[in-house]
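Engineer: As input, take start09.txt (compact mmCIF, C-alpha atoms (C1' of nucleotides)):
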# COMPACT_ATOMS: atom_id res chain seq x y z
CA MET A 13 -4.28 20.20 11.72
CA PRO A 14 -4.33 22.99 9.14
CA ILE A 15 -2.90 22.19 5.71
CA ASP A 16 -0.06 24.51 4.74
CA ALA A 17 1.71 25.18 1.46
CA PHE A 18 4.19 22.32 2.01
CA ASP A 19 1.36 19.86 2.53
CA ARG A 20 -0.34 21.09 -0.62
CA LYS A 21 2.86 20.66 -2.60
CA ILE A 22 3.28 17.14 -1.22
CA LEU A 23 -0.31 16.26 -2.11
CA ALA A 24 0.07 17.72 -5.59
CA THR A 25 3.21 15.67 -6.11
CA LEU A 26 1.57 12.48 -4.87
CA GLN A 27 -1.25 13.13 -7.31
CA ASP A 28 1.36 12.86 -10.06
CA ASP A 29 2.58 9.55 -8.68
CA ALA A 30 1.45 8.20 -5.35
CA ARG A 31 4.39 5.79 -5.22
CA MET A 32 7.10 8.31 -5.86
CA PRO A 33 10.01 7.83 -3.37
CA VAL A 34 9.84 10.21 -0.43
CA ALA A 35 13.28 11.63 -1.32
CA GLN A 36 11.97 12.70 -4.71
CA VAL A 37 8.82 14.21 -3.22
CA ALA A 38 11.16 16.05 -0.84
CA GLU A 39 13.16 17.50 -3.73
CA ARG A 40 10.07 18.95 -5.38
CA THR A 41 8.84 20.29 -2.06
CA ALA A 42 12.09 22.06 -1.13
CA LEU A 43 12.19 19.99 2.04
CA SER A 44 14.23 16.97 3.14
CA ALA A 45 12.96 13.42 3.32
CA THR A 46 12.25 13.27 7.06
CA PRO A 47 9.61 16.01 7.31
CA VAL A 48 7.99 14.82 4.09
CA SER A 49 7.71 11.30 5.49
CA ARG A 50 6.23 12.66 8.72
CA ARG A 51 3.84 14.99 6.93
CA ILE A 52 2.54 12.20 4.70
CA ARG A 53 1.86 10.04 7.73
CA LYS A 54 0.07 12.93 9.44
CA LEU A 55 -2.05 13.59 6.35
CA GLU A 56 -3.02 9.91 6.42
CA GLU A 57 -3.82 9.98 10.15
CA ASP A 58 -5.85 13.17 9.79
CA GLY A 59 -7.92 11.65 6.99
CA VAL A 60 -6.77 14.04 4.29
CA ILE A 61 -5.22 11.09 2.48
CA LEU A 62 -7.81 8.31 2.68
CA GLY A 63 -5.78 5.68 0.86
CA TYR A 64 -3.88 4.81 -2.28
CA GLN A 65 -5.25 3.42 -5.48
CA PRO A 66 -3.82 2.06 -8.71
CA VAL A 67 -5.24 3.72 -11.82
CA LEU A 68 -6.29 0.81 -14.01
CA ASP A 69 -7.20 0.81 -17.69
CA PRO A 70 -10.74 -0.61 -17.74
CA ARG A 71 -10.38 -1.69 -21.37
CA ARG A 72 -7.40 -3.86 -20.57
CA LEU A 73 -9.63 -5.59 -18.03
CA GLY A 74 -12.37 -6.32 -20.53
CA LEU A 75 -14.55 -3.39 -19.48
CA GLU A 76 -15.17 -1.58 -22.76
CA LEU A 77 -18.20 0.45 -21.70
CA SER A 78 -18.81 3.09 -19.10
CA ALA A 79 -22.18 4.71 -18.43
CA TYR A 80 -23.84 7.12 -16.06
CA VAL A 81 -27.33 6.02 -15.09
CA LEU A 82 -29.79 8.48 -13.60
CA ILE A 83 -32.30 6.75 -11.34
CA ASN A 84 -35.62 7.82 -9.91
CA LEU A 85 -37.23 6.16 -6.87
CA GLU A 86 -40.93 5.93 -6.15
CA ALA A 87 -42.34 7.89 -3.22
CA HIS A 88 -39.76 7.26 -0.53
CA ARG A 89 -41.59 4.92 1.79
CA ASP A 90 -40.66 1.88 3.91
CA GLY A 91 -37.12 0.83 3.38
CA ASN A 92 -37.07 2.01 -0.24
CA ILE A 93 -33.90 3.98 0.12
CA GLU A 94 -32.09 1.48 2.33
CA ARG A 95 -32.95 -1.37 -0.03
CA PHE A 96 -31.82 0.61 -3.05
CA GLU A 97 -28.54 1.72 -1.53
CA SER A 98 -27.81 -1.77 -0.30
CA ALA A 99 -28.37 -3.22 -3.78
CA ILE A 100 -26.08 -0.54 -5.21
CA LEU A 101 -23.33 -1.36 -2.73
CA ASP A 102 -23.62 -5.05 -3.60
CA ASN A 103 -23.27 -4.59 -7.35
CA ASP A 104 -19.62 -4.72 -8.43
CA TYR A 105 -20.34 -3.11 -11.79
CA VAL A 106 -21.68 -0.03 -10.05
CA ILE A 107 -18.40 1.70 -9.34
CA ALA A 108 -19.88 4.87 -7.83
CA CYS A 109 -23.23 6.26 -6.73
CA HIS A 110 -24.38 9.67 -5.56
CA ALA A 111 -27.70 11.06 -4.33
CA VAL A 112 -28.27 14.19 -6.41
CA THR A 113 -30.49 17.22 -6.96
CA GLY A 114 -32.79 17.61 -9.95
CA ASP A 115 -35.61 15.46 -11.25
CA MET A 116 -33.62 12.26 -10.74
CA ASP A 117 -32.62 10.94 -7.30
CA TYR A 118 -29.36 9.10 -7.96
CA LEU A 119 -26.48 9.24 -10.38
CA VAL A 120 -24.89 5.84 -10.74
CA HIS A 121 -21.61 5.12 -12.53
CA VAL A 122 -21.61 1.71 -14.20
CA VAL A 123 -18.92 -0.20 -16.10
CA ALA A 124 -19.70 -3.13 -18.40
CA ARG A 125 -18.04 -5.53 -20.79
CA ASP A 126 -20.19 -4.54 -23.79
CA VAL A 127 -23.59 -3.17 -24.78
CA GLU A 128 -25.38 -6.40 -23.95
CA HIS A 129 -23.79 -6.53 -20.54
CA LEU A 130 -24.69 -2.90 -19.86
CA SER A 131 -28.25 -3.58 -20.91
CA GLN A 132 -28.35 -6.57 -18.59
CA ILE A 133 -27.06 -4.50 -15.66
CA THR A 134 -29.57 -1.69 -16.15
CA LEU A 135 -32.60 -3.79 -17.03
CA LYS A 136 -32.00 -6.92 -14.97
CA SER A 137 -30.25 -5.45 -11.93
CA LEU A 138 -30.95 -1.76 -11.49
CA LEU A 139 -34.50 -1.47 -12.85
CA ARG A 140 -35.56 -4.50 -10.81
CA ILE A 141 -34.53 -3.08 -7.46
CA PRO A 142 -37.83 -2.59 -5.57
CA GLY A 143 -38.82 1.07 -5.49
CA VAL A 144 -36.99 2.04 -8.68
CA ARG A 145 -39.35 3.95 -10.98
CA ASP A 146 -37.22 5.09 -13.88
CA VAL A 147 -33.69 4.89 -15.27
CA LYS A 148 -32.00 7.03 -17.94
CA SER A 149 -28.67 5.87 -19.32
CA ILE A 150 -25.95 8.20 -20.50
CA ILE A 151 -23.27 6.22 -22.27
CA VAL A 152 -19.68 7.46 -22.37
CA LEU A 153 -18.42 7.78 -25.95
CA GLU A 154 -15.03 9.26 -25.23
CA THR A 155 -13.06 10.48 -22.24
CA VAL A 156 -11.90 14.06 -22.79
CA LYS A 157 -10.37 14.46 -19.33
CA PRO A 158 -9.72 11.37 -17.22
CA PRO A 159 -10.67 11.61 -13.52
CA ARG A 160 -7.33 12.07 -11.83
CA ARG A 161 -6.54 15.06 -9.69
CA LEU A 162 -8.18 17.46 -7.30
CA PRO A 163 -7.23 21.16 -7.49
CA LEU A 164 -4.94 22.12 -4.59
CA GLY A 165 -4.26 25.73 -5.56
CA MET B 24 0.25 -10.26 -22.39
CA PRO B 25 -2.92 -11.96 -21.16
CA ILE B 26 -3.99 -11.26 -17.59
CA ASP B 27 -4.25 -14.42 -15.52
CA ALA B 28 -5.79 -15.20 -12.14
CA PHE B 29 -2.60 -14.20 -10.27
CA ASP B 30 -2.56 -10.80 -11.97
CA ARG B 31 -6.21 -10.28 -11.10
CA LYS B 32 -5.55 -11.15 -7.47
CA ILE B 33 -2.62 -8.72 -7.40
CA LEU B 34 -4.73 -5.96 -8.95
CA ALA B 35 -7.58 -6.61 -6.53
CA THR B 36 -5.15 -6.41 -3.61
CA LEU B 37 -3.60 -3.19 -4.89
CA GLN B 38 -7.10 -1.75 -5.17
CA ASP B 39 -7.36 -2.28 -1.41
CA ASP B 40 -4.08 -0.46 -0.86
CA ALA B 41 -1.78 0.53 -3.68
CA ARG B 42 1.13 1.00 -1.29
CA MET B 43 0.92 -2.36 0.41
CA PRO B 44 4.38 -3.97 0.67
CA VAL B 45 5.06 -6.51 -2.06
CA ALA B 46 5.64 -9.24 0.54
CA GLN B 47 2.12 -8.74 1.85
CA VAL B 48 0.62 -8.71 -1.63
CA ALA B 49 2.55 -11.94 -2.21
CA GLU B 50 0.98 -13.56 0.85
CA ARG B 51 -2.53 -12.82 -0.34
CA THR B 52 -1.69 -14.03 -3.82
CA ALA B 53 -0.20 -17.35 -2.76
CA LEU B 54 3.00 -16.37 -4.52
CA SER B 55 6.39 -15.15 -3.30
CA ALA B 56 7.65 -11.59 -3.50
CA THR B 57 9.78 -12.02 -6.61
CA PRO B 58 7.07 -12.89 -9.13
CA VAL B 59 4.69 -10.37 -7.59
CA SER B 60 7.26 -7.62 -8.00
CA ARG B 61 7.87 -8.63 -11.61
CA ARG B 62 4.18 -8.98 -12.41
CA ILE B 63 3.43 -5.53 -11.05
CA ARG B 64 6.17 -4.04 -13.21
CA LYS B 65 4.84 -5.89 -16.24
CA LEU B 66 1.30 -4.68 -15.58
CA GLU B 67 2.70 -1.15 -15.46
CA GLU B 68 4.70 -1.60 -18.66
CA ASP B 69 1.72 -3.13 -20.46
CA GLY B 70 -0.48 -0.20 -19.49
CA VAL B 71 -2.87 -2.19 -17.34
CA ILE B 72 -1.72 -0.14 -14.35
CA LEU B 73 -1.57 3.45 -15.61
CA GLY B 74 -0.33 4.98 -12.37
CA TYR B 75 -0.94 5.42 -8.67
CA GLN B 76 -3.08 7.98 -6.97
CA PRO B 77 -3.76 9.08 -3.43
CA VAL B 78 -7.44 9.13 -2.52
CA LEU B 79 -7.98 12.57 -1.01
CA ASP B 80 -10.90 13.85 1.01
CA PRO B 81 -12.12 16.87 -1.01
CA ARG B 82 -13.80 18.39 2.05
CA ARG B 83 -10.53 18.47 3.96
CA LEU B 84 -9.17 20.49 1.05
CA GLY B 85 -11.93 23.06 1.17
CA LEU B 86 -13.91 21.53 -1.69
CA GLU B 87 -17.35 21.08 -0.17
CA LEU B 88 -19.32 20.74 -3.38
CA SER B 89 -19.28 18.28 -6.24
CA ALA B 90 -21.50 18.54 -9.31
CA TYR B 91 -22.07 16.87 -12.66
CA VAL B 92 -22.73 19.37 -15.42
CA LEU B 93 -24.35 18.27 -18.67
CA ILE B 94 -23.31 20.49 -21.55
CA ASN B 95 -24.71 21.01 -25.02
CA LEU B 96 -22.71 22.52 -27.88
CA GLU B 97 -24.13 24.47 -30.83
CA ALA B 98 -23.93 22.90 -34.27
CA HIS B 99 -20.43 21.49 -34.35
CA ARG B 100 -18.68 23.87 -36.69
CA ASP B 101 -15.22 25.45 -36.91
CA GLY B 102 -13.11 24.62 -33.92
CA ASN B 103 -16.09 24.42 -31.58
CA ILE B 104 -15.15 21.08 -30.18
CA GLU B 105 -11.42 21.73 -29.99
CA ARG B 106 -11.98 25.05 -28.25
CA PHE B 107 -14.40 23.49 -25.77
CA GLU B 108 -12.18 20.55 -24.93
CA SER B 109 -9.17 22.79 -24.55
CA ALA B 110 -11.06 25.04 -22.10
CA ILE B 111 -12.13 21.96 -20.17
CA LEU B 112 -8.57 20.67 -19.91
CA ASP B 113 -7.42 24.08 -18.68
CA ASN B 114 -9.97 24.35 -15.87
CA ASP B 115 -8.64 22.80 -12.65
CA TYR B 116 -12.09 22.58 -11.09
CA VAL B 117 -13.22 20.34 -13.92
CA ILE B 118 -11.87 17.06 -12.62
CA ALA B 119 -13.31 14.87 -15.38
CA CYS B 120 -15.09 15.20 -18.70
CA HIS B 121 -16.69 12.71 -21.06
CA ALA B 122 -18.37 13.00 -24.45
CA VAL B 123 -21.67 11.15 -24.04
CA THR B 124 -24.80 9.91 -25.81
CA GLY B 125 -28.25 11.45 -25.31
CA ASP B 126 -29.51 14.96 -25.77
CA MET B 127 -26.45 16.47 -24.09
CA ASP B 128 -22.95 16.29 -25.59
CA TYR B 129 -20.69 16.29 -22.54
CA LEU B 130 -20.81 15.21 -18.93
CA VAL B 131 -18.44 17.29 -16.85
CA HIS B 132 -17.48 16.60 -13.24
CA VAL B 133 -16.84 19.79 -11.30
CA VAL B 134 -15.68 20.40 -7.72
CA ALA B 135 -16.11 23.73 -5.95
CA ARG B 136 -15.58 25.40 -2.60
CA ASP B 137 -19.23 26.34 -2.12
CA VAL B 138 -22.44 27.19 -3.97
CA GLU B 139 -21.20 30.61 -5.02
CA HIS B 140 -18.01 29.14 -6.39
CA LEU B 141 -19.91 26.45 -8.28
CA SER B 142 -22.19 29.08 -9.74
CA GLN B 143 -19.16 31.09 -10.78
CA ILE B 144 -17.58 28.06 -12.48
CA THR B 145 -20.71 27.13 -14.43
CA LEU B 146 -21.86 30.64 -15.34
CA LYS B 147 -18.56 32.47 -15.72
CA SER B 148 -16.34 29.68 -17.05
CA LEU B 149 -18.33 26.88 -18.65
CA LEU B 150 -21.30 28.76 -20.11
CA ARG B 151 -18.95 31.35 -21.59
CA ILE B 152 -16.90 28.91 -23.61
CA PRO B 153 -17.68 29.81 -27.26
CA GLY B 154 -20.04 27.26 -28.79
CA VAL B 155 -21.68 26.21 -25.52
CA ARG B 156 -25.46 26.38 -25.87
CA ASP B 157 -26.81 24.96 -22.65
CA VAL B 158 -25.71 23.61 -19.27
CA LYS B 159 -27.67 21.57 -16.71
CA SER B 160 -26.20 21.11 -13.26
CA ILE B 161 -26.71 18.04 -11.12
CA ILE B 162 -25.41 18.69 -7.63
CA VAL B 163 -24.17 15.85 -5.45
CA LEU B 164 -26.04 15.72 -2.14
CA GLU B 165 -24.48 12.59 -0.71
CA THR B 166 -22.06 9.91 -1.81
CA VAL B 167 -23.62 6.47 -1.44
CA LYS B 168 -20.72 4.58 -2.97
CA PRO B 169 -17.37 6.33 -3.36
CA PRO B 170 -15.54 5.78 -6.68
CA ARG B 171 -12.86 3.30 -5.75
CA ARG B 172 -12.54 -0.06 -7.42
CA LEU B 173 -13.08 -1.74 -10.76
CA PRO B 174 -14.58 -5.23 -10.84
CA LEU B 175 -11.93 -7.83 -11.64
CA GLY B 176 -14.26 -10.79 -12.10
C1' DT C 23 9.08 -19.45 -19.16
C1' DA C 24 8.20 -18.59 -14.45
C1' DT C 25 9.16 -19.53 -9.65
C1' DG C 26 11.35 -19.23 -4.76
C1' DA C 27 15.28 -18.27 -1.62
C1' DA C 28 19.05 -15.58 -0.59
C1' DA C 29 21.80 -11.50 -1.31
C1' DT C 30 22.00 -6.85 -2.52
C1' DA C 31 20.18 -2.33 -3.36
C1' DA C 32 16.94 1.11 -2.51
C1' DT C 33 13.99 3.42 0.40
C1' DA C 34 11.60 4.82 4.71
C1' DT C 35 11.71 5.93 9.44
C1' DA C 36 13.68 7.04 14.08
C1' DG C 37 17.05 9.23 16.90
C1' DT C 38 19.84 13.24 17.68
C1' DT C 39 21.08 17.88 17.26
C1' DA D 6 13.84 20.76 10.02
C1' DA D 7 18.14 18.37 8.73
C1' DC D 8 21.68 14.88 9.20
C1' DT D 9 22.92 10.36 10.29
C1' DA D 10 21.94 5.71 11.65
C1' DT D 11 18.87 1.95 11.62
C1' DA D 12 15.02 -0.68 9.93
C1' DT D 13 12.04 -1.86 6.34
C1' DT D 14 11.10 -2.96 1.80
C1' DA D 15 12.12 -3.84 -3.19
C1' DT D 16 14.82 -5.89 -6.66
C1' DT D 17 18.38 -8.62 -8.63
C1' DT D 18 20.79 -12.87 -8.92
C1' DC D 19 20.80 -17.51 -9.28
C1' DA D 20 19.35 -22.24 -8.87
C1' DT D 21 15.47 -24.96 -10.15
C1' DA D 22 11.06 -26.87 -11.88
Represent the structure from my file as structure tokens, please.
Structural biologist:
Amino acid sequence: MPIDAFDRKILATLQDDARMPVAQVAERTALSATPVSRRIRKLEEDGVILGYQPVLDPRRLGLELSAYVLINLEAHRDGNIERFESAILDNDYVIACHAVTGDMDYLVHVVARDVEHLSQITLKSLLRIPGVRDVKSIIVLETVKPPRRLPLG
Amino acid sequence: MPIDAFDRKILATLQDDARMPVAQVAERTALSATPVSRRIRKLEEDGVILGYQPVLDPRRLGLELSAYVLINLEAHRDGNIERFESAILDNDYVIACHAVTGDMDYLVHVVARDVEHLSQITLKSLLRIPGVRDVKSIIVLETVKPPRRLPLG
DNA sequence: TATGAAATAATATAGTT
DNA sequence: AACTATATTATTTCATA
């Protein structure tokens, strides 16, 4: 299951538009529709393509604010970590979370309707998870490069 | 162009699988295929749906490392900002970039093949952009919650 | 103004070479 | 892998609420 140049071209094209008709993907790949269709299915089966997602405009959905919250846990004892991660998974406004290096333990991506809502999420939800020692919020002012595509070169 | 409960249900369903057949989306929405098809097109035209993206496994593409790099610029003079943002847009391994609040100016999301590659990107590319004063790297150790869906209330 | 059912058009997939 | 045939899916039309 190695990924060759055709696969990379297909993936690059799907990153432009994941719903582009197979025939059009085929054109750009210098291949016909059949092998492109089969390759896409194989990439899905092999777990290279994990799924398909619409790119939504958060503002049009009433989510005006985006923030990255760095979180520190107290000495990792008992079920500290499990409890924290479970609370994170349960919170719909936490749209991503990573365990990270550095003086903070987690980097959490939060979306919110407005400043008050963001404050409520950090103070009432995140800071109150048992075991959480400290939170530092980094608020997004402007998006210079929207998170879209992975390099395939 | 207000978004009603049907639209929200459609968007939530597409967030599960953006290539789900319209008929199936219709089932889950308690609507028939025709209005679902039209609503999706309208959501696209109105800019609520900005596009469609495959979710790729970075590891299967040889990108083992992910890092968030906080960047500080020197006193914003001349074309400092423009030059920086242009360099960011040009770098394929920078997959996202935001201007942010706090003591750092930008939060940059970087992917890399390995530690050496990441070091090369931060030291040879990012730190050498004219006007960049300081960079702090936060390396992702583990993904607790993958960045997938927006809350639709 | 928006829906649902049927008809048509577009697209994807399977079979064959 | 490509070409052709079949199956699946999307969209348009049209009648209706």
Engineer: As an exercise, work out the distance from CA of His140 in chain B to CA of Asn95 in chain B in Å and give it to one decimal place.
Structural biologist: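 One can read the CA of His140 in chain B to CA of Asn95 in chain B distance as 21.4 Å.
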Engineer: Could you check how far CA of Arg145 in chain A sits from CA of Ala119 in chain B, in Å to one decimal?
Structural biologist: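 It comes out at 28.6 Å.
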Engineer: Determine, counting all atoms listed in the file, which protein, DNA and RNA residues have an atom within 12 Å of an atom of DA20 in chain D; residues of the same chain fewer than 4 positions away are not included. Present the result as a list of chain:residue names.
Structural biologist: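 Residues near the query, excluding close chain neighbours: C:DT25, C:DG26, C:DA27, C:DA28.
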Engineer: Quick one: chain A onto chain B, least squares on all Cα paired in order, result as an mmCIF file with C-alpha atoms, in the coordinates of the input?
Structural biologist:
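And here's part_9.cif as it stands now:
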data_model
loop_
_atom_site.group_PDB
_atom_site.id
_atom_site.type_symbol
_atom_site.label_atom_id
_atom_site.label_comp_id
_atom_site.auth_asym_id
_atom_site.auth_seq_id
_atom_site.Cartn_x
_atom_site.Cartn_y
_atom_site.Cartn_z
ATOM 1 C CA MET A 13 0.300 -10.182 -22.385
ATOM 2 C CA PRO A 14 -2.876 -11.899 -21.200
ATOM 3 C CA ILE A 15 -3.972 -11.217 -17.624
ATOM 4 C CA ASP A 16 -4.269 -14.387 -15.563
ATOM 5 C CA ALA A 17 -5.836 -15.131 -12.197
ATOM 6 C CA PHE A 18 -2.657 -14.160 -10.304
ATOM 7 C CA ASP A 19 -2.581 -10.779 -12.006
ATOM 8 C CA ARG A 20 -6.230 -10.229 -11.162
ATOM 9 C CA LYS A 21 -5.592 -11.084 -7.528
ATOM 10 C CA ILE A 22 -2.638 -8.688 -7.449
ATOM 11 C CA LEU A 23 -4.724 -5.914 -9.002
ATOM 12 C CA ALA A 24 -7.582 -6.553 -6.592
ATOM 13 C CA THR A 25 -5.173 -6.357 -3.678
ATOM 14 C CA LEU A 26 -3.599 -3.143 -4.941
ATOM 15 C CA GLN A 27 -7.084 -1.692 -5.218
ATOM 16 C CA ASP A 28 -7.360 -2.206 -1.462
ATOM 17 C CA ASP A 29 -4.081 -0.396 -0.898
ATOM 18 C CA ALA A 30 -1.785 0.571 -3.724
ATOM 19 C CA ARG A 31 1.133 1.025 -1.326
ATOM 20 C CA MET A 32 0.882 -2.317 0.369
ATOM 21 C CA PRO A 33 4.362 -3.966 0.632
ATOM 22 C CA VAL A 34 5.003 -6.498 -2.109
ATOM 23 C CA ALA A 35 5.545 -9.249 0.494
ATOM 24 C CA GLN A 36 2.031 -8.714 1.804
ATOM 25 C CA VAL A 37 0.539 -8.672 -1.688
ATOM 26 C CA ALA A 38 2.445 -11.925 -2.243
ATOM 27 C CA GLU A 39 0.862 -13.520 0.824
ATOM 28 C CA ARG A 40 -2.655 -12.767 -0.374
ATOM 29 C CA THR A 41 -1.801 -13.975 -3.859
ATOM 30 C CA ALA A 42 -0.331 -17.320 -2.758
ATOM 31 C CA LEU A 43 2.895 -16.354 -4.492
ATOM 32 C CA SER A 44 6.284 -15.145 -3.248
ATOM 33 C CA ALA A 45 7.539 -11.590 -3.428
ATOM 34 C CA THR A 46 9.719 -11.924 -6.535
ATOM 35 C CA PRO A 47 7.047 -12.890 -9.078
ATOM 36 C CA VAL A 48 4.638 -10.360 -7.591
ATOM 37 C CA SER A 49 7.226 -7.608 -7.991
ATOM 38 C CA ARG A 50 7.874 -8.685 -11.582
ATOM 39 C CA ARG A 51 4.191 -8.990 -12.412
ATOM 40 C CA ILE A 52 3.436 -5.518 -11.062
ATOM 41 C CA ARG A 53 6.193 -4.046 -13.194
ATOM 42 C CA LYS A 54 4.875 -5.896 -16.247
ATOM 43 C CA LEU A 55 1.332 -4.670 -15.598
ATOM 44 C CA GLU A 56 2.743 -1.137 -15.472
ATOM 45 C CA GLU A 57 4.755 -1.605 -18.680
ATOM 46 C CA ASP A 58 1.776 -3.124 -20.483
ATOM 47 C CA GLY A 59 -0.427 -0.182 -19.521
ATOM 48 C CA VAL A 60 -2.827 -2.159 -17.364
ATOM 49 C CA ILE A 61 -1.676 -0.114 -14.385
ATOM 50 C CA LEU A 62 -1.519 3.478 -15.628
ATOM 51 C CA GLY A 63 -0.278 5.013 -12.395
ATOM 52 C CA TYR A 64 -0.890 5.447 -8.698
ATOM 53 C CA GLN A 65 -3.047 8.009 -7.015
ATOM 54 C CA PRO A 66 -3.722 9.111 -3.457
ATOM 55 C CA VAL A 67 -7.413 9.152 -2.552
ATOM 56 C CA LEU A 68 -7.944 12.586 -1.038
ATOM 57 C CA ASP A 69 -10.885 13.866 0.983
ATOM 58 C CA PRO A 70 -12.107 16.876 -1.016
ATOM 59 C CA ARG A 71 -13.772 18.385 2.054
ATOM 60 C CA ARG A 72 -10.510 18.472 3.947
ATOM 61 C CA LEU A 73 -9.140 20.494 1.039
ATOM 62 C CA GLY A 74 -11.913 23.060 1.166
ATOM 63 C CA LEU A 75 -13.901 21.524 -1.685
ATOM 64 C CA GLU A 76 -17.349 21.066 -0.160
ATOM 65 C CA LEU A 77 -19.329 20.710 -3.382
ATOM 66 C CA SER A 78 -19.286 18.264 -6.231
ATOM 67 C CA ALA A 79 -21.499 18.510 -9.309
ATOM 68 C CA TYR A 80 -22.060 16.846 -12.640
ATOM 69 C CA VAL A 81 -22.741 19.340 -15.405
ATOM 70 C CA LEU A 82 -24.347 18.240 -18.651
ATOM 71 C CA ILE A 83 -23.316 20.468 -21.545
ATOM 72 C CA ASN A 84 -24.713 20.975 -25.009
ATOM 73 C CA LEU A 85 -22.711 22.510 -27.877
ATOM 74 C CA GLU A 86 -24.119 24.447 -30.797
ATOM 75 C CA ALA A 87 -23.941 22.903 -34.261
ATOM 76 C CA HIS A 88 -20.430 21.504 -34.326
ATOM 77 C CA ARG A 89 -18.677 23.874 -36.675
ATOM 78 C CA ASP A 90 -15.201 25.447 -36.892
ATOM 79 C CA GLY A 91 -13.096 24.611 -33.928
ATOM 80 C CA ASN A 92 -16.083 24.405 -31.575
ATOM 81 C CA ILE A 93 -15.137 21.062 -30.166
ATOM 82 C CA GLU A 94 -11.402 21.714 -29.983
ATOM 83 C CA ARG A 95 -11.974 25.038 -28.235
ATOM 84 C CA PHE A 96 -14.387 23.481 -25.771
ATOM 85 C CA GLU A 97 -12.169 20.538 -24.924
ATOM 86 C CA SER A 98 -9.162 22.783 -24.538
ATOM 87 C CA ALA A 99 -11.036 25.039 -22.104
ATOM 88 C CA ILE A 100 -12.123 21.955 -20.161
ATOM 89 C CA LEU A 101 -8.561 20.672 -19.920
ATOM 90 C CA ASP A 102 -7.402 24.070 -18.669
ATOM 91 C CA ASN A 103 -9.943 24.335 -15.864
ATOM 92 C CA ASP A 104 -8.616 22.801 -12.640
ATOM 93 C CA TYR A 105 -12.068 22.578 -11.080
ATOM 94 C CA VAL A 106 -13.219 20.333 -13.898
ATOM 95 C CA ILE A 107 -11.858 17.055 -12.612
ATOM 96 C CA ALA A 108 -13.284 14.858 -15.380
ATOM 97 C CA CYS A 109 -15.082 15.188 -18.700
ATOM 98 C CA HIS A 110 -16.678 12.698 -21.059
ATOM 99 C CA ALA A 111 -18.374 12.984 -24.452
ATOM 100 C CA VAL A 112 -21.674 11.143 -24.045
ATOM 101 C CA THR A 113 -24.799 9.897 -25.803
ATOM 102 C CA GLY A 114 -28.235 11.416 -25.284
ATOM 103 C CA ASP A 115 -29.524 14.936 -25.750
ATOM 104 C CA MET A 116 -26.462 16.450 -24.078
ATOM 105 C CA ASP A 117 -22.954 16.271 -25.574
ATOM 106 C CA TYR A 118 -20.681 16.262 -22.527
ATOM 107 C CA LEU A 119 -20.802 15.197 -18.919
ATOM 108 C CA VAL A 120 -18.433 17.275 -16.848
ATOM 109 C CA HIS A 121 -17.476 16.577 -13.231
ATOM 110 C CA VAL A 122 -16.835 19.770 -11.279
ATOM 111 C CA VAL A 123 -15.660 20.386 -7.711
ATOM 112 C CA ALA A 124 -16.108 23.722 -5.934
ATOM 113 C CA ARG A 125 -15.565 25.382 -2.591
ATOM 114 C CA ASP A 126 -19.234 26.330 -2.100
ATOM 115 C CA VAL A 127 -22.439 27.163 -3.957
ATOM 116 C CA GLU A 128 -21.198 30.578 -5.018
ATOM 117 C CA HIS A 129 -18.001 29.116 -6.366
ATOM 118 C CA LEU A 130 -19.901 26.422 -8.259
ATOM 119 C CA SER A 131 -22.180 29.049 -9.722
ATOM 120 C CA GLN A 132 -19.155 31.067 -10.777
ATOM 121 C CA ILE A 133 -17.570 28.042 -12.473
ATOM 122 C CA THR A 134 -20.700 27.114 -14.417
ATOM 123 C CA LEU A 135 -21.849 30.608 -15.333
ATOM 124 C CA LYS A 136 -18.546 32.439 -15.706
ATOM 125 C CA SER A 137 -16.330 29.650 -17.041
ATOM 126 C CA LEU A 138 -18.312 26.856 -18.643
ATOM 127 C CA LEU A 139 -21.290 28.743 -20.095
ATOM 128 C CA ARG A 140 -18.951 31.350 -21.579
ATOM 129 C CA ILE A 141 -16.894 28.905 -23.602
ATOM 130 C CA PRO A 142 -17.677 29.782 -27.251
ATOM 131 C CA GLY A 143 -20.040 27.242 -28.782
ATOM 132 C CA VAL A 144 -21.669 26.199 -25.507
ATOM 133 C CA ARG A 145 -25.459 26.338 -25.860
ATOM 134 C CA ASP A 146 -26.819 24.936 -22.630
ATOM 135 C CA VAL A 147 -25.728 23.590 -19.249
ATOM 136 C CA LYS A 148 -27.687 21.535 -16.699
ATOM 137 C CA SER A 149 -26.204 21.086 -13.244
ATOM 138 C CA ILE A 150 -26.712 18.015 -11.115
ATOM 139 C CA ILE A 151 -25.419 18.666 -7.630
ATOM 140 C CA VAL A 152 -24.177 15.812 -5.451
ATOM 141 C CA LEU A 153 -26.040 15.687 -2.131
ATOM 142 C CA GLU A 154 -24.484 12.557 -0.723
ATOM 143 C CA THR A 155 -22.054 9.873 -1.820
ATOM 144 C CA VAL A 156 -23.630 6.431 -1.455
ATOM 145 C CA LYS A 157 -20.705 4.550 -2.997
ATOM 146 C CA PRO A 158 -17.362 6.310 -3.381
ATOM 147 C CA PRO A 159 -15.539 5.786 -6.706
ATOM 148 C CA ARG A 160 -12.841 3.313 -5.796
ATOM 149 C CA ARG A 161 -12.525 -0.043 -7.465
ATOM 150 C CA LEU A 162 -13.057 -1.713 -10.794
ATOM 151 C CA PRO A 163 -14.569 -5.226 -10.853
ATOM 152 C CA LEU A 164 -11.892 -7.839 -11.615
ATOM 153 C CA GLY A 165 -14.023 -10.967 -11.277
#
Engineer: Hey, list the chain B side of the contact with chain D: 12 Å cut-off, all atoms listed in the file, answer as a PyMOL selection string.
Structural biologist: chain B and resi 42-47+56-61+63-64
Engineer: Give the residues of chain C that lie within 8 Å of chain A; count only C-alpha atoms (C1' of nucleotides), and format the answer as an MDAnalysis selection string.
Structural biologist: chainID C and resid 33:35
